[in-house]
Amino acid sequence: MRLFDPEPPPFDPLEWERKPLAERVRMACQAWAEQGFGAPAFIFAAYALKIAAYVGVWFLLCWRTPGLGAPGELLDWWAEPLALQQALVWSLTFEILGLGCGSGPLTGRYLPPVGGALYFLRPGTIKLPVFEGAPIIGEARRSWLDVGLYAGALAALGWTMLWPGAAPWQLWLLLALVPALGVLDKTLFLAARAEHFWVMLACLAWTGIDADSGSGWIASTKVVALALWFWAGVSKLNHHFPSVVCVMASNNPTMPFPGLRRRLYRAFPDDLRPSTLSVVLAHAGTAIELGVPLLLALGHAAPHWVWLAGIVGMLYLHGYITSNVPMGVPLEWNVVVVYGGLVLFAGHPEVAPFAGLDPALIAFLISSVIAVPLVGNLFPDRVSFLLAMRYYAGNWPVGLWLFRGDKLDELEALTKSAGWLEDQLAPFYAREVFVGLYAKSLAFRFMHLHGRAFARLIPRAVGEAEVEDYFIVEGELVGGMALGWNFGEGHLHNEQLLRAVQAQCGFAEGELRCIFLEPQALGGRRQKWRIVDAATGLVEAGEVEIASLVDEQPWDGLSLGSGPSRPGVEGSNSSADL
């Protein structure tokens with residue numbers, strides 16, 4: 001039944017896996033163009049129910065919060081600062097538990113459907129400390145200190161939600177615990193969506209939200225909301241985003257007709273570059289994402305229609321993203337962004353951003369939502385795409401892990417709460433279902449513009465004659481299995497994770513090769529890449545010219561070879577250690 005079974009690809013999966021890699025990539029990409037990921041219908045229903053449960057818990061928290069009220073009285077309290085605080089604290093809790101972004105089958109999680117707390121509360125799992133190798137705080141495996149601090153943060157979150165305002169320092173304690181967790185494990189700070197929730201909560205704690213605090217909480221949190229939209233729009237000023245649009249829209253469960261999906265590509269099935277329609281949609285989306293913060297920033301001093309146009313644009317933008325159910329599923333995050341936008345700009349349109357704030361808070365906002373994202377866009381290899389607010393632009397740090405033969409099985413040595421995708425699916429489906437879904441995961445990566453670079457680099461990493469000897473795994477899937485969280489952040493599955501994995505698995509030279517690709521800098525024309533061997537370290541590094549990728553098909557580099565003379569790819573050998 002389609003209700004519970006994935007949509008079968010238009011090829012025999014067991015025959016598919018015996019074909020050459022270039023042919024497999026071509027067939028998988030053509031299948032994605034017509035079907036998307038092809039998840040069962042019940043999975044989309046489950047995600048919808050999860051959103052409903054998320055909103056329902058917020059209603060319950062507000063119901064028992066003094067000064068707010070029952071759901072039936074929503075119009076009386078929806079724009080109150082305590083209601084926004086409850087939404088932010090609950091959202092941070094939801095995300096750091098692993099229930100939001102990076103959860104469920106669309107991120108490679110079937111059994112169990114979440115990671116998060118199942119890893120973060122388990123000693124021995126891998127973590128990525130900021131000060132790698134430092135005593136106590138720099139270990140690569142989770143200790144009881146890590147577990148205890150995480151449990152303490154969950155307790156502080158619960159206290160803040162159930163007894164908001166119980167003590168003046170209550171929110172400050174929570175705000176101190178989140179970055180402390182991030183020092184011990186970068187994964188946790190990013191999973192908490194700290195660039196949004198933590199910064200906004202800091203604004204609420206700084207300005208106060210009682211009756212005498214004035215409008216400082218509005219003026220400060222408005223700055224954060226405007227930054228989210230502005231930098232997301234800026235990040236899409238590149239060649240990558242049209243590919244994101246067609247790949248994302250192909251997975252839209254509300255688009256039932258394959259013919260509509262085919263129109264997203266220039267000439268399906270042989271030319272899978274974005275069509276004019278996809279390019280127009282990409283430019284329109286970028287314009288809306290840049291226009292919304294401009295209109296809303298001026299709303300306090302402009303005619304009513306300017307303010308209203310910004311609200312309508314915001315609702316359309318996030319409604320469109322959510323309806324496409326993008327891989328990574330930032331669904332609840334989109335819901336709370338919309339709610340926050342309505343509270344701040346519809347509930348309190350008269351307050352200007354930055355109005356009446358003390359200089360110290362202004363400096364904090366400039367550093368956290370202006371300076372950090374600016375640096376992250378100019379030097380994307382140094383800053384997480386989340387902290388840089390470069391959301392779903394197709395211009396992420398990405399990686400592929402290439403295992404020789406059956407060496408993927410060596411990952412069983414890791415302490416983790418979930419097995420490889422095939423092991424998770426085995427209780428429910430025959431093996432051909434796993435192979436079909438694996439093919440789609442391969443297609444997702446290759447259909448983005450950076451996939452063209454991978455097509456050139458795979459033969460270079462393992463040798464053109466040996467390509468078929470390697471099993472290719474999306475770095476996101478390795479990160480999700482080893483770390484307990486994955487959300488498009490390739491810096492979580494680069495050399496630092498490789499070192500932690502190698503320490504436990506002990507791959508010999510050539511048994512595991514990784515390709516790490518950094519994002520394109522704002523205004524730049526190239527992407528940096530590295531080929532790294534788990535045992536011996538850096539094999540080669542170089543850059544790829546973005547313009548040289550635009551006119552290629554996802555499988556071209558695999559079909560044509562990718563030796564040193566391949567146009568657009570430059571590299572140099574190195575023996576630098578990991």
# chains A, B, ... in the order shown; residues from 1 in each chain; ligands from 1

call {"tool": "residues_around", "arguments": {"residues": "A:Leu84", "least_positions_apart": "3", "cutoff": "12 Å", "atoms": "only C-alpha atoms", "output": "PDB file with N, CA and C atoms, in the first residue's frame"}}
result
ATOM      1  N   TRP A  58       2.466  23.959  23.521  1.00  0.00           N
ATOM      2  CA  TRP A  58       2.609  25.401  23.777  1.00  0.00           C
ATOM      3  C   TRP A  58       1.316  25.975  24.340  1.00  0.00           C
ATOM      4  N   PHE A  59       0.166  25.588  23.775  1.00  0.00           N
ATOM      5  CA  PHE A  59      -1.120  26.042  24.308  1.00  0.00           C
ATOM      6  C   PHE A  59      -1.272  25.642  25.770  1.00  0.00           C
ATOM      7  N   LEU A  61       1.099  24.992  27.965  1.00  0.00           N
ATOM      8  CA  LEU A  61       2.016  25.765  28.792  1.00  0.00           C
ATOM      9  C   LEU A  61       1.481  27.169  29.043  1.00  0.00           C
ATOM     10  N   CYS A  62       0.919  27.776  28.012  1.00  0.00           N
ATOM     11  CA  CYS A  62       0.366  29.122  28.171  1.00  0.00           C
ATOM     12  C   CYS A  62      -0.883  29.096  29.058  1.00  0.00           C
ATOM     13  N   THR A  65       0.063  29.324  32.581  1.00  0.00           N
ATOM     14  CA  THR A  65       0.945  30.439  32.901  1.00  0.00           C
ATOM     15  C   THR A  65       0.128  31.621  33.419  1.00  0.00           C
ATOM     16  N   LEU A  68      -1.724  34.656  31.276  1.00  0.00           N
ATOM     17  CA  LEU A  68      -2.161  34.275  29.931  1.00  0.00           C
ATOM     18  C   LEU A  68      -3.562  33.689  30.032  1.00  0.00           C
ATOM     19  N   TRP A  77      -4.408  37.060  24.584  1.00  0.00           N
ATOM     20  CA  TRP A  77      -3.060  36.950  25.135  1.00  0.00           C
ATOM     21  C   TRP A  77      -1.975  36.531  24.144  1.00  0.00           C
ATOM     22  N   TRP A  78      -2.316  36.291  22.896  1.00  0.00           N
ATOM     23  CA  TRP A  78      -1.358  35.697  21.963  1.00  0.00           C
ATOM     24  C   TRP A  78      -0.108  36.556  21.754  1.00  0.00           C
ATOM     25  N   ALA A  79      -0.226  37.889  21.898  1.00  0.00           N
ATOM     26  CA  ALA A  79       0.920  38.775  21.646  1.00  0.00           C
ATOM     27  C   ALA A  79       1.616  39.204  22.927  1.00  0.00           C
ATOM     28  N   GLU A  80       1.307  38.561  24.052  1.00  0.00           N
ATOM     29  CA  GLU A  80       1.958  38.895  25.319  1.00  0.00           C
ATOM     30  C   GLU A  80       3.401  38.373  25.327  1.00  0.00           C
ATOM     31  N   PRO A  81       4.304  39.097  25.994  1.00  0.00           N
ATOM     32  CA  PRO A  81       5.705  38.647  26.010  1.00  0.00           C
ATOM     33  C   PRO A  81       5.901  37.275  26.647  1.00  0.00           C
ATOM     34  N   ALA A  87       6.951  30.124  23.934  1.00  0.00           N
ATOM     35  CA  ALA A  87       7.186  29.541  22.612  1.00  0.00           C
ATOM     36  C   ALA A  87       8.672  29.318  22.375  1.00  0.00           C
ATOM     37  N   LEU A  88       9.500  30.270  22.792  1.00  0.00           N
ATOM     38  CA  LEU A  88      10.941  30.154  22.561  1.00  0.00           C
ATOM     39  C   LEU A  88      11.563  29.073  23.440  1.00  0.00           C
ATOM     40  N   VAL A  89      11.199  29.038  24.716  1.00  0.00           N
ATOM     41  CA  VAL A  89      11.776  28.035  25.614  1.00  0.00           C
ATOM     42  C   VAL A  89      11.321  26.638  25.210  1.00  0.00           C
ATOM     43  N   TRP A  90      10.027  26.492  24.875  1.00  0.00           N
ATOM     44  CA  TRP A  90       9.521  25.195  24.441  1.00  0.00           C
ATOM     45  C   TRP A  90      10.189  24.771  23.135  1.00  0.00           C
ATOM     46  N   SER A  91      10.389  25.689  22.214  1.00  0.00           N
ATOM     47  CA  SER A  91      11.032  25.355  20.939  1.00  0.00           C
ATOM     48  C   SER A  91      12.469  24.924  21.145  1.00  0.00           C
ATOM     49  N   MET A 161       9.704  26.665  31.837  1.00  0.00           N
ATOM     50  CA  MET A 161       8.395  26.560  31.183  1.00  0.00           C
ATOM     51  C   MET A 161       7.251  26.410  32.176  1.00  0.00           C
ATOM     52  N   PRO A 164       7.345  30.007  34.869  1.00  0.00           N
ATOM     53  CA  PRO A 164       8.000  31.187  34.280  1.00  0.00           C
ATOM     54  C   PRO A 164       7.968  32.363  35.258  1.00  0.00           C
ATOM     55  N   PHE A 197      16.804  30.996  19.030  1.00  0.00           N
ATOM     56  CA  PHE A 197      16.121  30.923  20.321  1.00  0.00           C
ATOM     57  C   PHE A 197      16.962  31.503  21.457  1.00  0.00           C
ATOM     58  N   MET A 200      17.214  35.386  21.126  1.00  0.00           N
ATOM     59  CA  MET A 200      15.952  36.045  21.483  1.00  0.00           C
ATOM     60  C   MET A 200      15.684  35.966  22.984  1.00  0.00           C
ATOM     61  N   LEU A 201      15.947  34.821  23.589  1.00  0.00           N
ATOM     62  CA  LEU A 201      15.744  34.694  25.033  1.00  0.00           C
ATOM     63  C   LEU A 201      16.696  35.614  25.798  1.00  0.00           C
ATOM     64  N   CYS A 203      17.610  38.498  24.781  1.00  0.00           N
ATOM     65  CA  CYS A 203      16.971  39.816  24.686  1.00  0.00           C
ATOM     66  C   CYS A 203      15.866  39.960  25.730  1.00  0.00           C
ATOM     67  N   LEU A 204      15.034  38.919  25.893  1.00  0.00           N
ATOM     68  CA  LEU A 204      13.951  38.964  26.874  1.00  0.00           C
ATOM     69  C   LEU A 204      14.506  39.077  28.294  1.00  0.00           C
ATOM     70  N   ILE A 209      10.330  41.524  30.846  1.00  0.00           N
ATOM     71  CA  ILE A 209       9.051  41.471  30.137  1.00  0.00           C
ATOM     72  C   ILE A 209       7.880  41.780  31.070  1.00  0.00           C
ATOM     73  N   TRP A 217      11.858  44.635  24.956  1.00  0.00           N
ATOM     74  CA  TRP A 217      11.843  43.251  24.484  1.00  0.00           C
ATOM     75  C   TRP A 217      11.363  43.164  23.043  1.00  0.00           C
ATOM     76  N   ILE A 218      10.475  44.072  22.651  1.00  0.00           N
ATOM     77  CA  ILE A 218       9.973  44.080  21.270  1.00  0.00           C
ATOM     78  C   ILE A 218      11.051  44.605  20.326  1.00  0.00           C
ATOM     79  N   THR A 221      14.032  41.910  20.074  1.00  0.00           N
ATOM     80  CA  THR A 221      13.730  40.660  19.373  1.00  0.00           C
ATOM     81  C   THR A 221      13.337  40.906  17.918  1.00  0.00           C
ATOM     82  N   VAL A 336       7.360  28.525  14.535  1.00  0.00           N
ATOM     83  CA  VAL A 336       7.664  29.488  15.588  1.00  0.00           C
ATOM     84  C   VAL A 336       8.205  30.794  15.004  1.00  0.00           C
ATOM     85  N   VAL A 337       8.869  30.742  13.852  1.00  0.00           N
ATOM     86  CA  VAL A 337       9.308  31.976  13.201  1.00  0.00           C
ATOM     87  C   VAL A 337       8.090  32.800  12.786  1.00  0.00           C
ATOM     88  N   VAL A 338       7.089  32.140  12.229  1.00  0.00           N
ATOM     89  CA  VAL A 338       5.868  32.841  11.842  1.00  0.00           C
ATOM     90  C   VAL A 338       5.168  33.421  13.067  1.00  0.00           C
ATOM     91  N   TYR A 339       5.050  32.604  14.130  1.00  0.00           N
ATOM     92  CA  TYR A 339       4.394  33.095  15.333  1.00  0.00           C
ATOM     93  C   TYR A 339       5.137  34.312  15.900  1.00  0.00           C
ATOM     94  N   GLY A 340       6.459  34.217  15.996  1.00  0.00           N
ATOM     95  CA  GLY A 340       7.236  35.340  16.498  1.00  0.00           C
ATOM     96  C   GLY A 340       7.075  36.573  15.626  1.00  0.00           C
ATOM     97  N   GLY A 341       7.050  36.377  14.309  1.00  0.00           N
ATOM     98  CA  GLY A 341       6.860  37.503  13.403  1.00  0.00           C
ATOM     99  C   GLY A 341       5.512  38.181  13.608  1.00  0.00           C
ATOM    100  N   LEU A 342       4.474  37.382  13.826  1.00  0.00           N
ATOM    101  CA  LEU A 342       3.143  37.949  14.054  1.00  0.00           C
ATOM    102  C   LEU A 342       3.097  38.709  15.382  1.00  0.00           C
ATOM    103  N   VAL A 343       3.689  38.124  16.435  1.00  0.00           N
ATOM    104  CA  VAL A 343       3.704  38.812  17.734  1.00  0.00           C
ATOM    105  C   VAL A 343       4.387  40.168  17.616  1.00  0.00           C
ATOM    106  N   LEU A 344       5.555  40.176  16.981  1.00  0.00           N
ATOM    107  CA  LEU A 344       6.384  41.384  16.977  1.00  0.00           C
ATOM    108  C   LEU A 344       5.903  42.436  15.987  1.00  0.00           C
ATOM    109  N   GLY A 347       1.407  42.257  16.209  1.00  0.00           N
ATOM    110  CA  GLY A 347       0.930  42.592  17.541  1.00  0.00           C
ATOM    111  C   GLY A 347       1.478  43.903  18.075  1.00  0.00           C
TER     112      GLY A 347
END

call {"tool": "residues_around", "arguments": {"residues": "A:His493", "least_positions_apart": "2", "cutoff": "9 Å", "atoms": "only C-alpha atoms", "output": "ChimeraX atom specification"}}
result
/A:398-399,475-476,478-480,483,486,489-491,495-498,516

call {"tool": "atom_distance", "arguments": {"atom1": "atom CA of A:Glu543", "atom2": "atom CA of A:Trp529"}}
result
5.7 Å

call {"tool": "residues_around", "arguments": {"residues": "stretch 147-152 of chain A", "least_positions_apart": "6", "cutoff": "9 Å", "atoms": "only C-alpha atoms", "output": "JSON, numbers by chain"}}
result
{"A": [117, 120, 121, 122, 123, 177, 178, 180, 181, 188]}

call {"tool": "closest_residue", "arguments": {"among": "A:Tyr391, A:Trp555, A:Phe11, A:Trp198", "to": "A:Arg445", "atoms": "only C-alpha atoms"}}
result
A:Trp555

call {"tool": "closest_residue", "arguments": {"among": "A:Leu558, A:Leu315, A:Leu190, A:Val224", "to": "A:Ala465", "atoms": "only C-alpha atoms"}}
result
A:Leu558

call {"tool": "closest_residue", "arguments": {"among": "A:Ala33, A:Val199, A:Val544, A:Gln527", "to": "A:Leu272", "atoms": "only C-alpha atoms"}}
result
A:Ala33

call {"tool": "select_by_dssp", "arguments": {"residues": "stretch 388-462 of chain A", "states": "alpha helix (DSSP H)", "output": "number ranges by chain"}}
result
A: 421-425, 431-447, 449-462

call {"tool": "closest_residue", "arguments": {"among": "A:Val369, A:Leu184, A:Val539, A:Leu174", "to": "A:Arg142", "atoms": "only C-alpha atoms"}}
result
A:Leu184

call {"tool": "closest_residue", "arguments": {"among": "A:Pro20, A:Pro326, A:Pro66, A:Pro13", "to": "A:Ala83", "atoms": "only C-alpha atoms"}}
result
A:Pro66

call {"tool": "residues_around", "arguments": {"residues": "stretch 275-290 of chain A", "least_positions_apart": "3", "cutoff": "8 Å", "atoms": "only C-alpha atoms", "output": "VMD selection string"}}
result
chain A and resid 229 to 230 232 to 234 236 to 237 241 to 243 245 to 246 263 to 267 293 to 294 313 to 314 317

call {"tool": "closest_residue", "arguments": {"among": "A:Leu387, A:Val244, A:Ile136, A:Ala249", "to": "A:Trp231", "atoms": "only C-alpha atoms"}}
result
A:Leu387

call {"tool": "residues_around", "arguments": {"residues": "A:Gln504", "least_positions_apart": "6", "cutoff": "12 Å", "atoms": "only C-alpha atoms", "output": "PDB file with C-alpha atoms, in the first residue's frame"}}
result
ATOM      1  CA  GLY A 124      30.396   6.931  25.405  1.00  0.00           C
ATOM      2  CA  THR A 125      28.715   8.446  22.361  1.00  0.00           C
ATOM      3  CA  ILE A 126      30.785  10.695  20.106  1.00  0.00           C
ATOM      4  CA  ALA A 140      35.781  12.964  21.880  1.00  0.00           C
ATOM      5  CA  ARG A 141      33.399  10.686  23.789  1.00  0.00           C
ATOM      6  CA  GLU A 410      33.128  -1.217  10.942  1.00  0.00           C
ATOM      7  CA  LEU A 411      30.904   1.616  12.231  1.00  0.00           C
ATOM      8  CA  GLU A 412      29.186  -0.991  14.408  1.00  0.00           C
ATOM      9  CA  ALA A 413      32.101  -0.474  16.820  1.00  0.00           C
ATOM     10  CA  LEU A 414      30.709   2.968  17.713  1.00  0.00           C
ATOM     11  CA  THR A 415      28.497   3.579  20.736  1.00  0.00           C
ATOM     12  CA  ALA A 482      27.429   8.800  15.056  1.00  0.00           C
ATOM     13  CA  LEU A 497      34.270  13.463  13.391  1.00  0.00           C
ATOM     14  CA  LEU A 498      36.543  11.370  11.181  1.00  0.00           C
ATOM     15  CA  ALA A 534      40.885   8.027   7.664  1.00  0.00           C
ATOM     16  CA  ALA A 535      44.273   6.425   8.347  1.00  0.00           C
TER      17      ALA A 535
END

call {"tool": "select_by_dssp", "arguments": {"residues": "stretch 255-307 of chain A", "states": "strand (DSSP E or B)", "output": "PyMOL selection string"}}
result
chain A and resi 265-267+271-274

call {"tool": "decode", "arguments": {"residues": "stretch 267-307 of chain A", "atoms": "N, CA and C atoms", "output": "PDB file, in the first residue's frame"}}
result
ATOM      1  N   ALA A 267      14.892  19.696 -19.559  1.00  0.00           N
ATOM      2  CA  ALA A 267      14.399  18.724 -20.555  1.00  0.00           C
ATOM      3  C   ALA A 267      14.494  17.332 -19.949  1.00  0.00           C
ATOM      4  N   PHE A 268      13.558  17.026 -19.047  1.00  0.00           N
ATOM      5  CA  PHE A 268      13.539  15.707 -18.419  1.00  0.00           C
ATOM      6  C   PHE A 268      13.391  14.639 -19.508  1.00  0.00           C
ATOM      7  N   PRO A 269      14.123  13.515 -19.457  1.00  0.00           N
ATOM      8  CA  PRO A 269      14.990  13.054 -18.358  1.00  0.00           C
ATOM      9  C   PRO A 269      16.479  13.304 -18.571  1.00  0.00           C
ATOM     10  N   ASP A 270      16.844  13.842 -19.735  1.00  0.00           N
ATOM     11  CA  ASP A 270      18.271  13.910 -20.063  1.00  0.00           C
ATOM     12  C   ASP A 270      18.956  15.179 -19.585  1.00  0.00           C
ATOM     13  N   ASP A 271      18.187  16.243 -19.349  1.00  0.00           N
ATOM     14  CA  ASP A 271      18.764  17.512 -18.891  1.00  0.00           C
ATOM     15  C   ASP A 271      18.075  17.912 -17.587  1.00  0.00           C
ATOM     16  N   LEU A 272      18.760  17.686 -16.489  1.00  0.00           N
ATOM     17  CA  LEU A 272      18.170  17.949 -15.174  1.00  0.00           C
ATOM     18  C   LEU A 272      18.705  19.234 -14.553  1.00  0.00           C
ATOM     19  N   ARG A 273      19.161  20.130 -15.390  1.00  0.00           N
ATOM     20  CA  ARG A 273      19.457  21.461 -14.880  1.00  0.00           C
ATOM     21  C   ARG A 273      18.143  22.193 -14.591  1.00  0.00           C
ATOM     22  N   PRO A 274      18.146  23.155 -13.665  1.00  0.00           N
ATOM     23  CA  PRO A 274      16.905  23.866 -13.352  1.00  0.00           C
ATOM     24  C   PRO A 274      16.325  24.558 -14.585  1.00  0.00           C
ATOM     25  N   SER A 275      15.017  24.439 -14.758  1.00  0.00           N
ATOM     26  CA  SER A 275      14.340  25.087 -15.877  1.00  0.00           C
ATOM     27  C   SER A 275      14.170  26.578 -15.608  1.00  0.00           C
ATOM     28  N   THR A 276      13.677  27.283 -16.606  1.00  0.00           N
ATOM     29  CA  THR A 276      13.383  28.704 -16.424  1.00  0.00           C
ATOM     30  C   THR A 276      12.393  28.905 -15.291  1.00  0.00           C
ATOM     31  N   LEU A 277      11.417  27.985 -15.178  1.00  0.00           N
ATOM     32  CA  LEU A 277      10.439  28.072 -14.093  1.00  0.00           C
ATOM     33  C   LEU A 277      11.138  28.013 -12.734  1.00  0.00           C
ATOM     34  N   SER A 278      12.064  27.084 -12.557  1.00  0.00           N
ATOM     35  CA  SER A 278      12.782  26.964 -11.289  1.00  0.00           C
ATOM     36  C   SER A 278      13.625  28.199 -11.002  1.00  0.00           C
ATOM     37  N   VAL A 279      14.258  28.728 -12.038  1.00  0.00           N
ATOM     38  CA  VAL A 279      15.082  29.928 -11.850  1.00  0.00           C
ATOM     39  C   VAL A 279      14.220  31.110 -11.430  1.00  0.00           C
ATOM     40  N   VAL A 280      13.057  31.260 -12.081  1.00  0.00           N
ATOM     41  CA  VAL A 280      12.143  32.350 -11.725  1.00  0.00           C
ATOM     42  C   VAL A 280      11.653  32.183 -10.287  1.00  0.00           C
ATOM     43  N   LEU A 281      11.284  30.950  -9.920  1.00  0.00           N
ATOM     44  CA  LEU A 281      10.836  30.695  -8.545  1.00  0.00           C
ATOM     45  C   LEU A 281      11.951  31.008  -7.542  1.00  0.00           C
ATOM     46  N   ALA A 282      13.175  30.667  -7.905  1.00  0.00           N
ATOM     47  CA  ALA A 282      14.300  30.933  -7.006  1.00  0.00           C
ATOM     48  C   ALA A 282      14.505  32.429  -6.814  1.00  0.00           C
ATOM     49  N   HIS A 283      14.486  33.179  -7.913  1.00  0.00           N
ATOM     50  CA  HIS A 283      14.666  34.627  -7.807  1.00  0.00           C
ATOM     51  C   HIS A 283      13.511  35.273  -7.050  1.00  0.00           C
ATOM     52  N   ALA A 284      12.283  34.774  -7.287  1.00  0.00           N
ATOM     53  CA  ALA A 284      11.128  35.323  -6.583  1.00  0.00           C
ATOM     54  C   ALA A 284      11.228  35.048  -5.088  1.00  0.00           C
ATOM     55  N   GLY A 285      11.632  33.829  -4.735  1.00  0.00           N
ATOM     56  CA  GLY A 285      11.792  33.496  -3.320  1.00  0.00           C
ATOM     57  C   GLY A 285      12.848  34.347  -2.646  1.00  0.00           C
ATOM     58  N   THR A 286      13.968  34.577  -3.348  1.00  0.00           N
ATOM     59  CA  THR A 286      15.026  35.420  -2.793  1.00  0.00           C
ATOM     60  C   THR A 286      14.528  36.849  -2.595  1.00  0.00           C
ATOM     61  N   ALA A 287      13.783  37.359  -3.581  1.00  0.00           N
ATOM     62  CA  ALA A 287      13.245  38.724  -3.479  1.00  0.00           C
ATOM     63  C   ALA A 287      12.300  38.852  -2.290  1.00  0.00           C
ATOM     64  N   ILE A 288      11.454  37.840  -2.089  1.00  0.00           N
ATOM     65  CA  ILE A 288      10.529  37.873  -0.950  1.00  0.00           C
ATOM     66  C   ILE A 288      11.299  37.825   0.365  1.00  0.00           C
ATOM     67  N   GLU A 289      12.323  36.951   0.417  1.00  0.00           N
ATOM     68  CA  GLU A 289      13.076  36.794   1.655  1.00  0.00           C
ATOM     69  C   GLU A 289      13.857  38.061   2.002  1.00  0.00           C
ATOM     70  N   LEU A 290      14.279  38.817   1.014  1.00  0.00           N
ATOM     71  CA  LEU A 290      14.939  40.092   1.263  1.00  0.00           C
ATOM     72  C   LEU A 290      13.926  41.215   1.473  1.00  0.00           C
ATOM     73  N   GLY A 291      12.770  41.092   0.795  1.00  0.00           N
ATOM     74  CA  GLY A 291      11.756  42.144   0.897  1.00  0.00           C
ATOM     75  C   GLY A 291      11.026  42.147   2.222  1.00  0.00           C
ATOM     76  N   VAL A 292      10.778  40.966   2.786  1.00  0.00           N
ATOM     77  CA  VAL A 292      10.035  40.881   4.053  1.00  0.00           C
ATOM     78  C   VAL A 292      10.707  41.688   5.157  1.00  0.00           C
ATOM     79  N   PRO A 293      12.006  41.510   5.434  1.00  0.00           N
ATOM     80  CA  PRO A 293      12.607  42.315   6.510  1.00  0.00           C
ATOM     81  C   PRO A 293      12.638  43.801   6.197  1.00  0.00           C
ATOM     82  N   LEU A 294      12.781  44.147   4.916  1.00  0.00           N
ATOM     83  CA  LEU A 294      12.786  45.568   4.556  1.00  0.00           C
ATOM     84  C   LEU A 294      11.425  46.196   4.855  1.00  0.00           C
ATOM     85  N   LEU A 295      10.341  45.536   4.435  1.00  0.00           N
ATOM     86  CA  LEU A 295       8.996  46.069   4.665  1.00  0.00           C
ATOM     87  C   LEU A 295       8.662  46.116   6.145  1.00  0.00           C
ATOM     88  N   LEU A 296       9.018  45.060   6.870  1.00  0.00           N
ATOM     89  CA  LEU A 296       8.677  45.018   8.289  1.00  0.00           C
ATOM     90  C   LEU A 296       9.544  45.975   9.109  1.00  0.00           C
ATOM     91  N   ALA A 297      10.775  46.193   8.699  1.00  0.00           N
ATOM     92  CA  ALA A 297      11.637  47.140   9.416  1.00  0.00           C
ATOM     93  C   ALA A 297      11.106  48.557   9.303  1.00  0.00           C
ATOM     94  N   LEU A 298      10.450  48.857   8.180  1.00  0.00           N
ATOM     95  CA  LEU A 298       9.909  50.211   7.963  1.00  0.00           C
ATOM     96  C   LEU A 298       8.472  50.355   8.446  1.00  0.00           C
ATOM     97  N   GLY A 299       7.878  49.228   8.859  1.00  0.00           N
ATOM     98  CA  GLY A 299       6.453  49.217   9.147  1.00  0.00           C
ATOM     99  C   GLY A 299       6.013  50.189  10.210  1.00  0.00           C
ATOM    100  N   HIS A 300       6.863  50.487  11.207  1.00  0.00           N
ATOM    101  CA  HIS A 300       6.463  51.371  12.300  1.00  0.00           C
ATOM    102  C   HIS A 300       6.281  52.815  11.848  1.00  0.00           C
ATOM    103  N   ALA A 301       6.921  53.180  10.712  1.00  0.00           N
ATOM    104  CA  ALA A 301       6.864  54.573  10.265  1.00  0.00           C
ATOM    105  C   ALA A 301       6.279  54.728   8.869  1.00  0.00           C
ATOM    106  N   ALA A 302       5.846  53.631   8.264  1.00  0.00           N
ATOM    107  CA  ALA A 302       5.361  53.659   6.885  1.00  0.00           C
ATOM    108  C   ALA A 302       3.843  53.502   6.851  1.00  0.00           C
ATOM    109  N   PRO A 303       3.234  53.714   5.702  1.00  0.00           N
ATOM    110  CA  PRO A 303       1.789  53.491   5.579  1.00  0.00           C
ATOM    111  C   PRO A 303       1.405  52.058   5.945  1.00  0.00           C
ATOM    112  N   HIS A 304       0.154  51.855   6.274  1.00  0.00           N
ATOM    113  CA  HIS A 304      -0.344  50.564   6.743  1.00  0.00           C
ATOM    114  C   HIS A 304      -0.089  49.447   5.731  1.00  0.00           C
ATOM    115  N   TRP A 305      -0.186  49.758   4.436  1.00  0.00           N
ATOM    116  CA  TRP A 305      -0.047  48.705   3.425  1.00  0.00           C
ATOM    117  C   TRP A 305       1.368  48.126   3.395  1.00  0.00           C
ATOM    118  N   VAL A 306       2.364  48.931   3.768  1.00  0.00           N
ATOM    119  CA  VAL A 306       3.746  48.433   3.796  1.00  0.00           C
ATOM    120  C   VAL A 306       3.882  47.351   4.859  1.00  0.00           C
ATOM    121  N   TRP A 307       3.381  47.651   6.021  1.00  0.00           N
ATOM    122  CA  TRP A 307       3.386  46.703   7.150  1.00  0.00           C
ATOM    123  C   TRP A 307       2.643  45.426   6.781  1.00  0.00           C
TER     124      TRP A 307
END
